[in-house]
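Below is upload-v6.cif, holding mmCIF, C-alpha atoms and all ligand atoms; chains and numbers go by the auth columns.
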```
data_query
#
loop_
_atom_site.group_PDB
_atom_site.id
_atom_site.type_symbol
_atom_site.label_atom_id
_atom_site.label_comp_id
_atom_site.label_asym_id
_atom_site.label_seq_id
_atom_site.Cartn_x
_atom_site.Cartn_y
_atom_site.Cartn_z
_atom_site.B_iso_or_equiv
_atom_site.auth_seq_id
_atom_site.auth_asym_id
ATOM 1 C CA MET A 1 67.591 -5.431 -135.313 0.00 1 S
ATOM 2 C CA ARG A 2 68.274 -3.841 -138.653 0.00 2 S
ATOM 3 C CA LEU A 3 68.867 -6.971 -140.701 0.00 3 S
ATOM 4 C CA SER A 4 69.070 -10.711 -140.096 0.00 4 S
ATOM 5 C CA ILE A 5 70.867 -13.157 -142.361 0.00 5 S
ATOM 6 C CA ALA A 6 70.863 -16.953 -141.955 0.00 6 S
ATOM 7 C CA LEU A 7 73.205 -19.392 -143.658 0.00 7 S
ATOM 8 C CA ALA A 8 71.293 -22.594 -144.244 0.00 8 S
ATOM 9 C CA ASN A 9 71.589 -25.906 -145.980 0.00 9 S
ATOM 10 C CA LEU A 10 70.198 -29.411 -145.623 0.00 10 S
ATOM 11 C CA LYS A 11 73.717 -30.836 -145.466 0.00 11 S
ATOM 12 C CA PRO A 12 76.789 -30.285 -143.318 0.00 12 S
ATOM 13 C CA GLY A 13 80.089 -29.193 -144.793 0.00 13 S
ATOM 14 C CA THR A 14 78.747 -26.709 -147.352 0.00 14 S
ATOM 15 C CA GLY A 15 80.408 -23.635 -145.841 0.00 15 S
ATOM 16 C CA LYS A 16 77.701 -22.261 -143.535 0.00 16 S
ATOM 17 C CA THR A 17 79.975 -21.633 -140.565 0.00 17 S
ATOM 18 C CA THR A 18 82.894 -20.317 -142.610 0.00 18 S
ATOM 19 C CA THR A 19 80.580 -17.958 -144.473 0.00 19 S
ATOM 20 C CA ALA A 20 78.695 -16.829 -141.356 0.00 20 S
ATOM 21 C CA VAL A 21 81.860 -16.027 -139.408 0.00 21 S
ATOM 22 C CA LEU A 22 83.740 -14.319 -142.249 0.00 22 S
ATOM 23 C CA LEU A 23 80.629 -12.385 -143.234 0.00 23 S
ATOM 24 C CA ALA A 24 80.224 -11.214 -139.635 0.00 24 S
ATOM 25 C CA TYR A 25 83.862 -10.058 -139.660 0.00 25 S
ATOM 26 C CA ALA A 26 83.338 -8.266 -142.984 0.00 26 S
ATOM 27 C CA LEU A 27 80.227 -6.430 -141.727 0.00 27 S
ATOM 28 C CA HIS A 28 82.065 -5.505 -138.529 0.00 28 S
ATOM 29 C CA ARG A 29 85.024 -4.187 -140.561 0.00 29 S
ATOM 30 C CA ARG A 30 82.592 -1.923 -142.412 0.00 30 S
ATOM 31 C CA GLY A 31 81.640 -0.365 -139.093 0.00 31 S
ATOM 32 C CA HIS A 32 78.328 -2.119 -138.496 0.00 32 S
ATOM 33 C CA GLN A 33 77.154 -3.415 -135.160 0.00 33 S
ATOM 34 C CA VAL A 34 77.142 -7.179 -135.644 0.00 34 S
ATOM 35 C CA ALA A 35 75.884 -10.120 -133.615 0.00 35 S
ATOM 36 C CA LEU A 36 76.593 -13.684 -134.617 0.00 36 S
ATOM 37 C CA ALA A 37 74.118 -16.320 -133.437 0.00 37 S
ATOM 38 C CA ASP A 38 75.526 -19.844 -133.323 0.00 38 S
ATOM 39 C CA CYS A 39 72.378 -21.935 -133.675 0.00 39 S
ATOM 40 C CA ASP A 40 74.253 -25.192 -134.291 0.00 40 S
ATOM 41 C CA PRO A 41 74.394 -27.631 -131.345 0.00 41 S
ATOM 42 C CA ALA A 42 77.894 -28.519 -132.616 0.00 42 S
ATOM 43 C CA GLY A 43 78.926 -25.008 -131.506 0.00 43 S
ATOM 44 C CA SER A 44 81.631 -24.511 -134.152 0.00 44 S
ATOM 45 C CA ALA A 45 81.322 -20.722 -134.171 0.00 45 S
ATOM 46 C CA LEU A 46 81.485 -20.621 -130.364 0.00 46 S
ATOM 47 C CA ALA A 47 84.627 -22.787 -130.430 0.00 47 S
ATOM 48 C CA TRP A 48 86.112 -20.633 -133.197 0.00 48 S
ATOM 49 C CA SER A 49 85.570 -17.549 -131.057 0.00 49 S
ATOM 50 C CA ASP A 50 87.251 -19.227 -128.084 0.00 50 S
ATOM 51 C CA ALA A 51 90.222 -20.121 -130.257 0.00 51 S
ATOM 52 C CA VAL A 52 90.804 -16.452 -131.168 0.00 52 S
ATOM 53 C CA GLY A 53 90.199 -15.113 -127.681 0.00 53 S
ATOM 54 C CA GLY A 54 86.739 -13.795 -128.620 0.00 54 S
ATOM 55 C CA PHE A 55 85.308 -12.339 -131.814 0.00 55 S
ATOM 56 C CA PRO A 56 85.342 -8.531 -132.037 0.00 56 S
ATOM 57 C CA PHE A 57 81.509 -8.565 -132.243 0.00 57 S
ATOM 58 C CA ALA A 58 78.743 -10.043 -130.089 0.00 58 S
ATOM 59 C CA LEU A 59 78.279 -13.799 -130.138 0.00 59 S
ATOM 60 C CA TYR A 60 75.285 -15.772 -128.885 0.00 60 S
ATOM 61 C CA GLY A 61 74.832 -19.515 -128.427 0.00 61 S
ATOM 62 C CA LEU A 62 71.283 -20.103 -129.679 0.00 62 S
ATOM 63 C CA ALA A 63 71.070 -23.803 -130.458 0.00 63 S
ATOM 64 C CA VAL A 64 67.523 -24.033 -129.166 0.00 64 S
ATOM 65 C CA LYS A 65 64.248 -24.877 -130.848 0.00 65 S
ATOM 66 C CA ASP A 66 62.860 -21.379 -130.446 0.00 66 S
ATOM 67 C CA ALA A 67 66.061 -19.733 -131.724 0.00 67 S
ATOM 68 C CA GLY A 68 64.096 -17.745 -134.312 0.00 68 S
ATOM 69 C CA ARG A 69 61.870 -16.104 -131.719 0.00 69 S
ATOM 70 C CA ARG A 70 64.865 -15.260 -129.533 0.00 70 S
ATOM 71 C CA LEU A 71 66.654 -13.462 -132.361 0.00 71 S
ATOM 72 C CA ALA A 72 64.389 -10.462 -131.841 0.00 72 S
ATOM 73 C CA GLY A 73 65.964 -9.901 -128.407 0.00 73 S
ATOM 74 C CA ILE A 74 69.512 -9.643 -129.762 0.00 74 S
ATOM 75 C CA GLY A 75 71.257 -6.270 -130.007 0.00 75 S
ATOM 76 C CA GLY A 76 69.812 -2.848 -130.658 0.00 76 S
ATOM 77 C CA PRO A 77 67.889 -1.379 -133.606 0.00 77 S
ATOM 78 C CA GLY A 78 71.050 -1.017 -135.709 0.00 78 S
ATOM 79 C CA THR A 79 72.343 -4.542 -135.153 0.00 79 S
ATOM 80 C CA ILE A 80 72.912 -6.909 -138.046 0.00 80 S
ATOM 81 C CA VAL A 81 72.413 -10.495 -136.914 0.00 81 S
ATOM 82 C CA VAL A 82 74.129 -13.335 -138.766 0.00 82 S
ATOM 83 C CA CYS A 83 72.873 -16.847 -137.933 0.00 83 S
ATOM 84 C CA ASP A 84 75.011 -19.915 -138.390 0.00 84 S
ATOM 85 C CA LEU A 85 72.583 -22.826 -138.683 0.00 85 S
ATOM 86 C CA PRO A 86 73.098 -26.567 -138.305 0.00 86 S
ATOM 87 C CA GLN A 87 72.306 -28.892 -141.211 0.00 87 S
ATOM 88 C CA ALA A 88 68.527 -28.936 -141.588 0.00 88 S
ATOM 89 C CA GLU A 89 68.398 -32.704 -142.215 0.00 89 S
ATOM 90 C CA ASP A 90 69.344 -33.312 -138.556 0.00 90 S
ATOM 91 C CA HIS A 91 68.056 -30.201 -136.793 0.00 91 S
ATOM 92 C CA GLY A 92 64.820 -29.329 -138.553 0.00 92 S
ATOM 93 C CA ALA A 93 63.170 -27.622 -135.596 0.00 93 S
ATOM 94 C CA ILE A 94 65.987 -25.128 -134.993 0.00 94 S
ATOM 95 C CA VAL A 95 66.367 -24.396 -138.691 0.00 95 S
ATOM 96 C CA ARG A 96 62.623 -23.890 -139.308 0.00 96 S
ATOM 97 C CA SER A 97 62.346 -21.608 -136.319 0.00 97 S
ATOM 98 C CA VAL A 98 65.091 -19.330 -137.685 0.00 98 S
ATOM 99 C CA LEU A 99 64.063 -19.486 -141.351 0.00 99 S
ATOM 100 C CA ARG A 100 60.597 -18.426 -140.329 0.00 100 S
ATOM 101 C CA ARG A 101 61.854 -15.057 -139.073 0.00 101 S
ATOM 102 C CA VAL A 102 65.067 -13.873 -140.738 0.00 102 S
ATOM 103 C CA ASP A 103 65.163 -11.298 -143.543 0.00 103 S
ATOM 104 C CA GLU A 104 67.739 -13.113 -145.666 0.00 104 S
ATOM 105 C CA ILE A 105 68.138 -16.849 -146.158 0.00 105 S
ATOM 106 C CA SER A 106 71.338 -17.759 -147.964 0.00 106 S
ATOM 107 C CA ILE A 107 72.277 -21.233 -149.092 0.00 107 S
ATOM 108 C CA PRO A 108 75.985 -21.887 -149.637 0.00 108 S
ATOM 109 C CA VAL A 109 76.367 -24.269 -152.578 0.00 109 S
ATOM 110 C CA ALA A 110 79.525 -25.580 -154.250 0.00 110 S
ATOM 111 C CA PRO A 111 79.489 -25.647 -158.067 0.00 111 S
ATOM 112 C CA THR A 112 79.083 -29.417 -158.276 0.00 112 S
ATOM 113 C CA THR A 113 76.199 -31.436 -159.674 0.00 113 S
ATOM 114 C CA ILE A 114 75.586 -33.209 -156.389 0.00 114 S
ATOM 115 C CA GLU A 115 75.339 -30.017 -154.351 0.00 115 S
ATOM 116 C CA ILE A 116 73.109 -28.384 -156.943 0.00 116 S
ATOM 117 C CA GLU A 117 70.779 -31.403 -156.935 0.00 117 S
ATOM 118 C CA ARG A 118 70.659 -31.387 -153.147 0.00 118 S
ATOM 119 C CA THR A 119 69.194 -27.892 -153.130 0.00 119 S
ATOM 120 C CA SER A 120 65.810 -29.437 -153.979 0.00 120 S
ATOM 121 C CA GLY A 121 65.417 -30.508 -150.348 0.00 121 S
ATOM 122 C CA MET A 122 66.104 -26.918 -149.307 0.00 122 S
ATOM 123 C CA ALA A 123 63.495 -25.680 -151.775 0.00 123 S
ATOM 124 C CA ASP A 124 60.895 -27.971 -150.142 0.00 124 S
ATOM 125 C CA LEU A 125 61.829 -26.698 -146.695 0.00 125 S
ATOM 126 C CA LEU A 126 61.662 -23.071 -147.859 0.00 126 S
ATOM 127 C CA ALA A 127 58.221 -23.641 -149.360 0.00 127 S
ATOM 128 C CA GLU A 128 57.011 -25.118 -146.075 0.00 128 S
ATOM 129 C CA VAL A 129 58.481 -22.266 -144.023 0.00 129 S
ATOM 130 C CA GLY A 130 57.117 -19.706 -146.485 0.00 130 S
ATOM 131 C CA GLU A 131 53.575 -20.693 -145.547 0.00 131 S
ATOM 132 C CA VAL A 132 54.038 -19.590 -141.950 0.00 132 S
ATOM 133 C CA ARG A 133 56.101 -16.458 -142.553 0.00 133 S
ATOM 134 C CA GLU A 134 54.556 -13.039 -142.123 0.00 134 S
ATOM 135 C CA ARG A 135 56.278 -11.799 -145.269 0.00 135 S
ATOM 136 C CA PRO A 136 58.558 -13.546 -147.732 0.00 136 S
ATOM 137 C CA ALA A 137 62.280 -13.805 -147.023 0.00 137 S
ATOM 138 C CA ARG A 138 64.903 -12.795 -149.539 0.00 138 S
ATOM 139 C CA VAL A 139 66.292 -16.193 -150.493 0.00 139 S
ATOM 140 C CA ALA A 140 69.531 -16.634 -152.406 0.00 140 S
ATOM 141 C CA VAL A 141 72.295 -19.072 -153.193 0.00 141 S
ATOM 142 C CA VAL A 142 75.883 -18.103 -152.378 0.00 142 S
ATOM 143 C CA LEU A 143 78.272 -19.970 -154.631 0.00 143 S
ATOM 144 C CA ASN A 144 81.099 -21.270 -152.445 0.00 144 S
ATOM 145 C CA ARG A 145 84.336 -23.085 -153.287 0.00 145 S
ATOM 146 C CA VAL A 146 84.358 -21.730 -156.812 0.00 146 S
ATOM 147 C CA VAL A 147 87.497 -22.778 -158.675 0.00 147 S
ATOM 148 C CA GLY A 148 89.151 -19.827 -160.387 0.00 148 S
ATOM 149 C CA GLY A 149 89.430 -20.039 -164.156 0.00 149 S
ATOM 150 C CA ALA A 150 87.169 -23.103 -164.420 0.00 150 S
ATOM 151 C CA ARG A 151 83.800 -23.339 -166.156 0.00 151 S
ATOM 152 C CA SER A 152 82.059 -24.951 -163.198 0.00 152 S
ATOM 153 C CA GLY A 153 81.256 -21.655 -161.473 0.00 153 S
ATOM 154 C CA GLY A 154 79.463 -20.144 -164.448 0.00 154 S
ATOM 155 C CA ASP A 155 77.723 -23.429 -165.263 0.00 155 S
ATOM 156 C CA ALA A 156 76.504 -23.758 -161.671 0.00 156 S
ATOM 157 C CA ARG A 157 75.272 -20.168 -161.675 0.00 157 S
ATOM 158 C CA GLN A 158 73.254 -20.880 -164.803 0.00 158 S
ATOM 159 C CA ALA A 159 71.899 -24.225 -163.548 0.00 159 S
ATOM 160 C CA LEU A 160 70.826 -22.704 -160.210 0.00 160 S
ATOM 161 C CA SER A 161 69.206 -19.736 -161.946 0.00 161 S
ATOM 162 C CA GLU A 162 67.267 -22.155 -164.144 0.00 162 S
ATOM 163 C CA LEU A 163 66.081 -23.912 -160.977 0.00 163 S
ATOM 164 C CA GLY A 164 64.657 -20.550 -159.913 0.00 164 S
ATOM 165 C CA TYR A 165 67.296 -19.456 -157.407 0.00 165 S
ATOM 166 C CA ASP A 166 68.528 -15.944 -157.025 0.00 166 S
ATOM 167 C CA VAL A 167 72.315 -16.432 -157.104 0.00 167 S
ATOM 168 C CA LEU A 168 74.191 -13.600 -155.389 0.00 168 S
ATOM 169 C CA GLY A 169 76.724 -11.776 -157.570 0.00 169 S
ATOM 170 C CA PRO A 170 79.756 -12.146 -155.291 0.00 170 S
ATOM 171 C CA GLN A 171 80.982 -15.714 -155.040 0.00 171 S
ATOM 172 C CA ILE A 172 83.470 -17.303 -152.667 0.00 172 S
ATOM 173 C CA PRO A 173 86.472 -18.894 -154.338 0.00 173 S
ATOM 174 C CA ARG A 174 87.925 -22.181 -153.180 0.00 174 S
ATOM 175 C CA ARG A 175 91.006 -21.056 -151.331 0.00 175 S
ATOM 176 C CA GLU A 176 93.450 -22.457 -148.848 0.00 176 S
ATOM 177 C CA VAL A 177 92.978 -19.388 -146.665 0.00 177 S
ATOM 178 C CA TYR A 178 89.258 -20.281 -146.284 0.00 178 S
ATOM 179 C CA ALA A 179 89.980 -23.984 -145.794 0.00 179 S
ATOM 180 C CA LEU A 180 92.236 -22.985 -142.892 0.00 180 S
ATOM 181 C CA ALA A 181 90.042 -20.145 -141.630 0.00 181 S
ATOM 182 C CA TYR A 182 88.483 -22.040 -138.735 0.00 182 S
ATOM 183 C CA GLY A 183 90.028 -21.163 -135.392 0.00 183 S
ATOM 184 C CA ALA A 184 91.929 -18.100 -136.593 0.00 184 S
ATOM 185 C CA ALA A 185 91.137 -14.392 -136.879 0.00 185 S
ATOM 186 C CA PRO A 186 90.572 -13.659 -140.580 0.00 186 S
ATOM 187 C CA SER A 187 92.082 -10.661 -142.278 0.00 187 S
ATOM 188 C CA ILE A 188 89.444 -9.193 -144.541 0.00 188 S
ATOM 189 C CA ARG A 189 90.057 -6.178 -146.753 0.00 189 S
ATOM 190 C CA GLY A 190 87.800 -3.984 -148.813 0.00 190 S
ATOM 191 C CA GLY A 191 87.025 -5.688 -152.133 0.00 191 S
ATOM 192 C CA ASP A 192 87.618 -9.218 -150.771 0.00 192 S
ATOM 193 C CA PRO A 193 84.886 -11.766 -151.584 0.00 193 S
ATOM 194 C CA PHE A 194 83.401 -11.504 -148.094 0.00 194 S
ATOM 195 C CA ASP A 195 83.496 -7.714 -148.200 0.00 195 S
ATOM 196 C CA LEU A 196 81.616 -7.799 -151.515 0.00 196 S
ATOM 197 C CA LEU A 197 79.155 -10.275 -150.030 0.00 197 S
ATOM 198 C CA ALA A 198 78.604 -7.974 -147.044 0.00 198 S
ATOM 199 C CA GLU A 199 78.032 -5.061 -149.420 0.00 199 S
ATOM 200 C CA THR A 200 75.472 -7.099 -151.374 0.00 200 S
ATOM 201 C CA TYR A 201 73.407 -7.868 -148.260 0.00 201 S
ATOM 202 C CA LEU A 202 73.511 -4.217 -147.195 0.00 202 S
ATOM 203 C CA THR A 203 72.372 -3.093 -150.627 0.00 203 S
ATOM 204 C CA ARG A 204 69.557 -5.659 -150.699 0.00 204 S
ATOM 205 C CA ALA A 205 68.405 -4.432 -147.293 0.00 205 S
ATOM 206 C CA GLY A 206 68.582 -0.786 -148.342 0.00 206 S
ATOM 207 C CA VAL A 207 71.224 -0.095 -145.661 0.00 207 S
ATOM 208 C CA ALA A 208 73.711 2.569 -146.748 0.00 208 S
HETATM 209 N N1 LIG B . 85.607 -21.260 -149.977 0.00 301 K
HETATM 210 C C1 LIG B . 86.237 -22.272 -149.376 0.00 301 K
HETATM 211 N N2 LIG B . 87.461 -22.668 -149.780 0.00 301 K
HETATM 212 C C2 LIG B . 88.101 -23.702 -149.184 0.00 301 K
HETATM 213 N N3 LIG B . 87.586 -24.408 -148.146 0.00 301 K
HETATM 214 C C3 LIG B . 86.365 -24.070 -147.694 0.00 301 K
HETATM 215 C C4 LIG B . 85.628 -22.988 -148.260 0.00 301 K
HETATM 216 N N4 LIG B . 84.440 -22.882 -147.586 0.00 301 K
HETATM 217 C C5 LIG B . 84.449 -23.844 -146.638 0.00 301 K
HETATM 218 N N5 LIG B . 85.600 -24.556 -146.698 0.00 301 K
HETATM 219 C C6 LIG B . 85.986 -25.682 -145.828 0.00 301 K
HETATM 220 O O1 LIG B . 84.975 -26.682 -145.902 0.00 301 K
HETATM 221 C C7 LIG B . 84.748 -27.286 -144.621 0.00 301 K
HETATM 222 C C8 LIG B . 83.293 -27.140 -144.236 0.00 301 K
HETATM 223 O O2 LIG B . 83.003 -25.763 -144.041 0.00 301 K
HETATM 224 P P1 LIG B . 82.024 -25.273 -142.874 0.00 301 K
HETATM 225 O O3 LIG B . 81.953 -23.797 -142.998 0.00 301 K
HETATM 226 O O4 LIG B . 82.440 -25.842 -141.565 0.00 301 K
HETATM 227 O O5 LIG B . 80.671 -25.954 -143.345 0.00 301 K
HETATM 228 P P2 LIG B . 79.272 -26.147 -142.573 0.00 301 K
HETATM 229 O O6 LIG B . 79.203 -25.119 -141.499 0.00 301 K
HETATM 230 O O7 LIG B . 78.244 -25.968 -143.637 0.00 301 K
HETATM 231 O O8 LIG B . 79.279 -27.542 -142.039 0.00 301 K
HETATM 232 C C9 LIG B . 85.694 -26.594 -143.653 0.00 301 K
HETATM 233 O O9 LIG B . 86.833 -27.381 -143.490 0.00 301 K
HETATM 234 C C10 LIG B . 86.032 -25.292 -144.356 0.00 301 K
HETATM 235 O O10 LIG B . 87.308 -24.836 -143.984 0.00 301 K
HETATM 236 MG MG MG B . 78.797 -25.393 -139.476 0.00 302 K
#
```
Since I need it in another form, could you write the structure as structure tokens?
Amino acid sequence: MRLSIALANLKPGTGKTTTAVLLAYALHRRGHQVALADCDPAGSALAWSDAVGGFPFALYGLAVKDAGRRLAGIGGPGTIVVCDLPQAEDHGAIVRSVLRRVDEISIPVAPTTIEIERTSGMADLLAEVGEVRERPARVAVVLNRVVGGARSGGDARQALSELGYDVLGPQIPRREVYALAYGAAPSIRGGDPFDLLAETYLTRAGVA
């Protein structure tokens, strides 16, 4: 495995699955060998794949308590593994097991006060997981559902930075095409938000 990225949050409905699947598509489009691990017992990514007749990259159902340990067995040395996690508040064991081992932990957060405040629970979980990790993860917030032309995105970026989060440069706008993404094959082009997000992870990992 070359790189592993997990999308995590305490709460459901923050964009973990949408981001994981579209990011996997974007990395695949760039020519990388990708594996998506659906670690959520709800199986939304697995169902999404069924709905499109199969994703064009490998997909694993890994909603088990030792999901993190099993990630090591996925793919070859060049594979980039993207993990779609369930909400940590209900599935702590699965989430801890994955967060303990992945290279990148990304938290999708909408630019609203309530979602920003709720990141404190994630910070506690990350601190706990950090104590049992071999080396620190790269942890970042991905701003999701950012309204174009509004102040909320910039304000949220600043508030999250002040809370000590690394906020990734590319942000995901709130768009109908993402709201309707589930169950369809996305069309991602170079320079799209998910392509820029993919590029950011590759750069952070030192992958050309
Ligand atoms: N950037 C976005 N713009 C519009 N709708 C979004 C966006 N990101 C997620 N959504 C919608 O929000 C809902 C929750 O997203 P989902 O990825 O399923 O969250 P989670 O996996 O964290 O529960 C879905 O209906 C999804 O289509
Ligand atoms: Mg989900």
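Remark: for Arg174 in chain S, the closest of the candidate residues S:Ala72, S:Ala42, S:Ala37, S:Val109 is S:Val109 (distances computed over all atoms listed in the file).
Every residue that the PyMOL selection byres (((chain S and resi 138) around 10) and not hetatm) selects in this file is listed here: Ile5, Val102, Asp103, Glu104, Ile105, Ser106, Arg135, Pro136, Ala137, Val139, Ala140, Asp166, Tyr201, Arg204 and Ala205 of chain S.
Separating CA of Gly13 in chain S from CA of Val132 in chain S is a distance of 27.9 Å.
Neighbouring residues of ligand MG 302 (chain K) at a cut-off of 6 Å, counting only C-alpha atoms and all ligand atoms, are Lys16, Thr17 and Pro86 of chain S.
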Go ahead and write the residues just picked, C-alpha atoms, as a CSV table (one decimal), in the frame of the given file.
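Contents of again-v8.csv, freshly written:
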```
chain,number,residue,atom,x,y,z
S,16,LYS,CA,77.7,-22.3,-143.5
S,17,THR,CA,80.0,-21.6,-140.6
S,86,PRO,CA,73.1,-26.6,-138.3
```
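Applied to the file shown here, the PyMOL selection byres (((chain S and resi 94) around 10) and not hetatm) selects Cys39, Asp40, Pro41, Leu62, Ala63, Val64, Lys65, Asp66, Ala67, Gly68, Leu85, Pro86, Gln87, Ala88, Asp90, His91, Gly92, Ala93, Val95, Arg96, Ser97, Val98 and Leu99 of chain S.
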Report task. Using only C-alpha atoms and all ligand atoms, determine which residues fall within 6 Å of ligand LIG 301 (chain K), then list them as a PyMOL selection string. Result -> chain S and resi 12-18+144-145+172-176+178-181
Let me see the file: selected residues, C-alpha atoms, as a compact mmCIF listing (two decimals), in the frame of the given file.
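Saved as result.txt:
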```
# COMPACT_ATOMS: atom_id res chain seq x y z
CA PRO S 12 76.79 -30.28 -143.32
CA GLY S 13 80.09 -29.19 -144.79
CA THR S 14 78.75 -26.71 -147.35
CA GLY S 15 80.41 -23.64 -145.84
CA LYS S 16 77.70 -22.26 -143.54
CA THR S 17 79.97 -21.63 -140.56
CA THR S 18 82.89 -20.32 -142.61
CA ASN S 144 81.10 -21.27 -152.44
CA ARG S 145 84.34 -23.08 -153.29
CA ILE S 172 83.47 -17.30 -152.67
CA PRO S 173 86.47 -18.89 -154.34
CA ARG S 174 87.92 -22.18 -153.18
CA ARG S 175 91.01 -21.06 -151.33
CA GLU S 176 93.45 -22.46 -148.85
CA TYR S 178 89.26 -20.28 -146.28
CA ALA S 179 89.98 -23.98 -145.79
CA LEU S 180 92.24 -22.98 -142.89
CA ALA S 181 90.04 -20.14 -141.63
```
Requested in this report: Name every residue that the PyMOL selection byres (((chain S and resi 111-121) around 8) and not hetatm) selects in this structure, writing the answer as a VMD selection string with chains first and numbers rising.
Outcome: chain S and resid 9 to 10 109 to 110 122 to 125 143 to 146 152 to 153 155 to 157 159 to 160
Report task. List every protein, DNA or RNA residue that has an atom no more than 12 Å from (87.5, -10.4, -149.1) in the file's coordinate frame, counting only C-alpha atoms, and report them as an NGL selection string. Result -> :S and (19 or 22-27 or 29-30 or 170-173 or 175 or 177-178 or 186-199)
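Nearest to Leu163 in chain S of all the residues S:Val141, S:Ala6, S:Ile74, S:Val129 is S:Val141, counting all atoms listed in the file.
CA of Ile80 in chain S to CA of His32 in chain S spans 7.2 Å [interatomic distance, one decimal].
Of note, CA of His28 in chain S and CA of Val81 in chain S are spaced 11.0 Å apart.
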Query raised in the report: Which residues, written as a PyMOL selection string, have at least one atom at most 8 Å from Ala58 in chain S, with only C-alpha atoms counted and residues fewer than 3 positions away on the same chain left out?
Result: chain S and resi 34-36+55
Is it possible to get the axis-aligned box enclosing range 142-149 of chain S (all listed atoms, 4 Å extra per side) as lines of an AutoDock Vina configuration file, with centre and edge lengths in Å rounded to one decimal?
```
center_x = 82.7
center_y = -20.6
center_z = -158.3
size_x = 21.5
size_y = 13.0
size_z = 19.8
```
Fill-in result for range 3-18 of chain S, N, CA and C atoms as an mmCIF file, in the frame of the given file:
```cif
data_model
loop_
_atom_site.group_PDB
_atom_site.id
_atom_site.type_symbol
_atom_site.label_atom_id
_atom_site.label_comp_id
_atom_site.auth_asym_id
_atom_site.auth_seq_id
_atom_site.Cartn_x
_atom_site.Cartn_y
_atom_site.Cartn_z
ATOM 1 N N LEU S 3 68.836 -5.967 -139.637
ATOM 2 C CA LEU S 3 68.867 -6.971 -140.701
ATOM 3 C C LEU S 3 69.277 -8.305 -140.096
ATOM 4 N N SER S 4 68.643 -9.385 -140.550
ATOM 5 C CA SER S 4 69.070 -10.711 -140.096
ATOM 6 C C SER S 4 69.316 -11.597 -141.304
ATOM 7 N N ILE S 5 70.421 -12.319 -141.239
ATOM 8 C CA ILE S 5 70.867 -13.157 -142.361
ATOM 9 C C ILE S 5 71.154 -14.550 -141.808
ATOM 10 N N ALA S 6 70.557 -15.584 -142.395
ATOM 11 C CA ALA S 6 70.863 -16.953 -141.955
ATOM 12 C C ALA S 6 71.527 -17.727 -143.077
ATOM 13 N N LEU S 7 72.550 -18.486 -142.719
ATOM 14 C CA LEU S 7 73.205 -19.392 -143.658
ATOM 15 C C LEU S 7 72.640 -20.770 -143.413
ATOM 16 N N ALA S 8 72.033 -21.347 -144.439
ATOM 17 C CA ALA S 8 71.293 -22.594 -144.244
ATOM 18 C C ALA S 8 71.575 -23.586 -145.355
ATOM 19 N N ASN S 9 71.544 -24.833 -144.989
ATOM 20 C CA ASN S 9 71.589 -25.906 -145.980
ATOM 21 C C ASN S 9 71.109 -27.186 -145.313
ATOM 22 N N LEU S 10 70.630 -28.115 -146.138
ATOM 23 C CA LEU S 10 70.198 -29.411 -145.623
ATOM 24 C C LEU S 10 71.386 -30.189 -145.073
ATOM 25 N N LYS S 11 72.535 -29.991 -145.701
ATOM 26 C CA LYS S 11 73.717 -30.836 -145.466
ATOM 27 C C LYS S 11 74.784 -30.113 -144.658
ATOM 28 N N PRO S 12 75.616 -30.884 -143.959
ATOM 29 C CA PRO S 12 76.789 -30.285 -143.318
ATOM 30 C C PRO S 12 77.912 -30.086 -144.338
ATOM 31 N N GLY S 13 78.879 -29.306 -143.977
ATOM 32 C CA GLY S 13 80.089 -29.193 -144.793
ATOM 33 C C GLY S 13 79.958 -28.362 -146.052
ATOM 34 N N THR S 14 78.932 -27.498 -146.132
ATOM 35 C CA THR S 14 78.747 -26.709 -147.352
ATOM 36 C C THR S 14 79.317 -25.287 -147.219
ATOM 37 N N GLY S 15 79.805 -24.959 -146.023
ATOM 38 C CA GLY S 15 80.408 -23.635 -145.841
ATOM 39 C C GLY S 15 79.556 -22.661 -145.040
ATOM 40 N N LYS S 16 78.570 -23.158 -144.318
ATOM 41 C CA LYS S 16 77.701 -22.261 -143.535
ATOM 42 C C LYS S 16 78.492 -21.511 -142.456
ATOM 43 N N THR S 17 79.260 -22.276 -141.674
ATOM 44 C CA THR S 17 79.975 -21.633 -140.565
ATOM 45 C C THR S 17 81.068 -20.701 -141.075
ATOM 46 N N THR S 18 81.828 -21.160 -142.054
ATOM 47 C CA THR S 18 82.894 -20.317 -142.610
ATOM 48 C C THR S 18 82.294 -19.021 -143.150
#
```
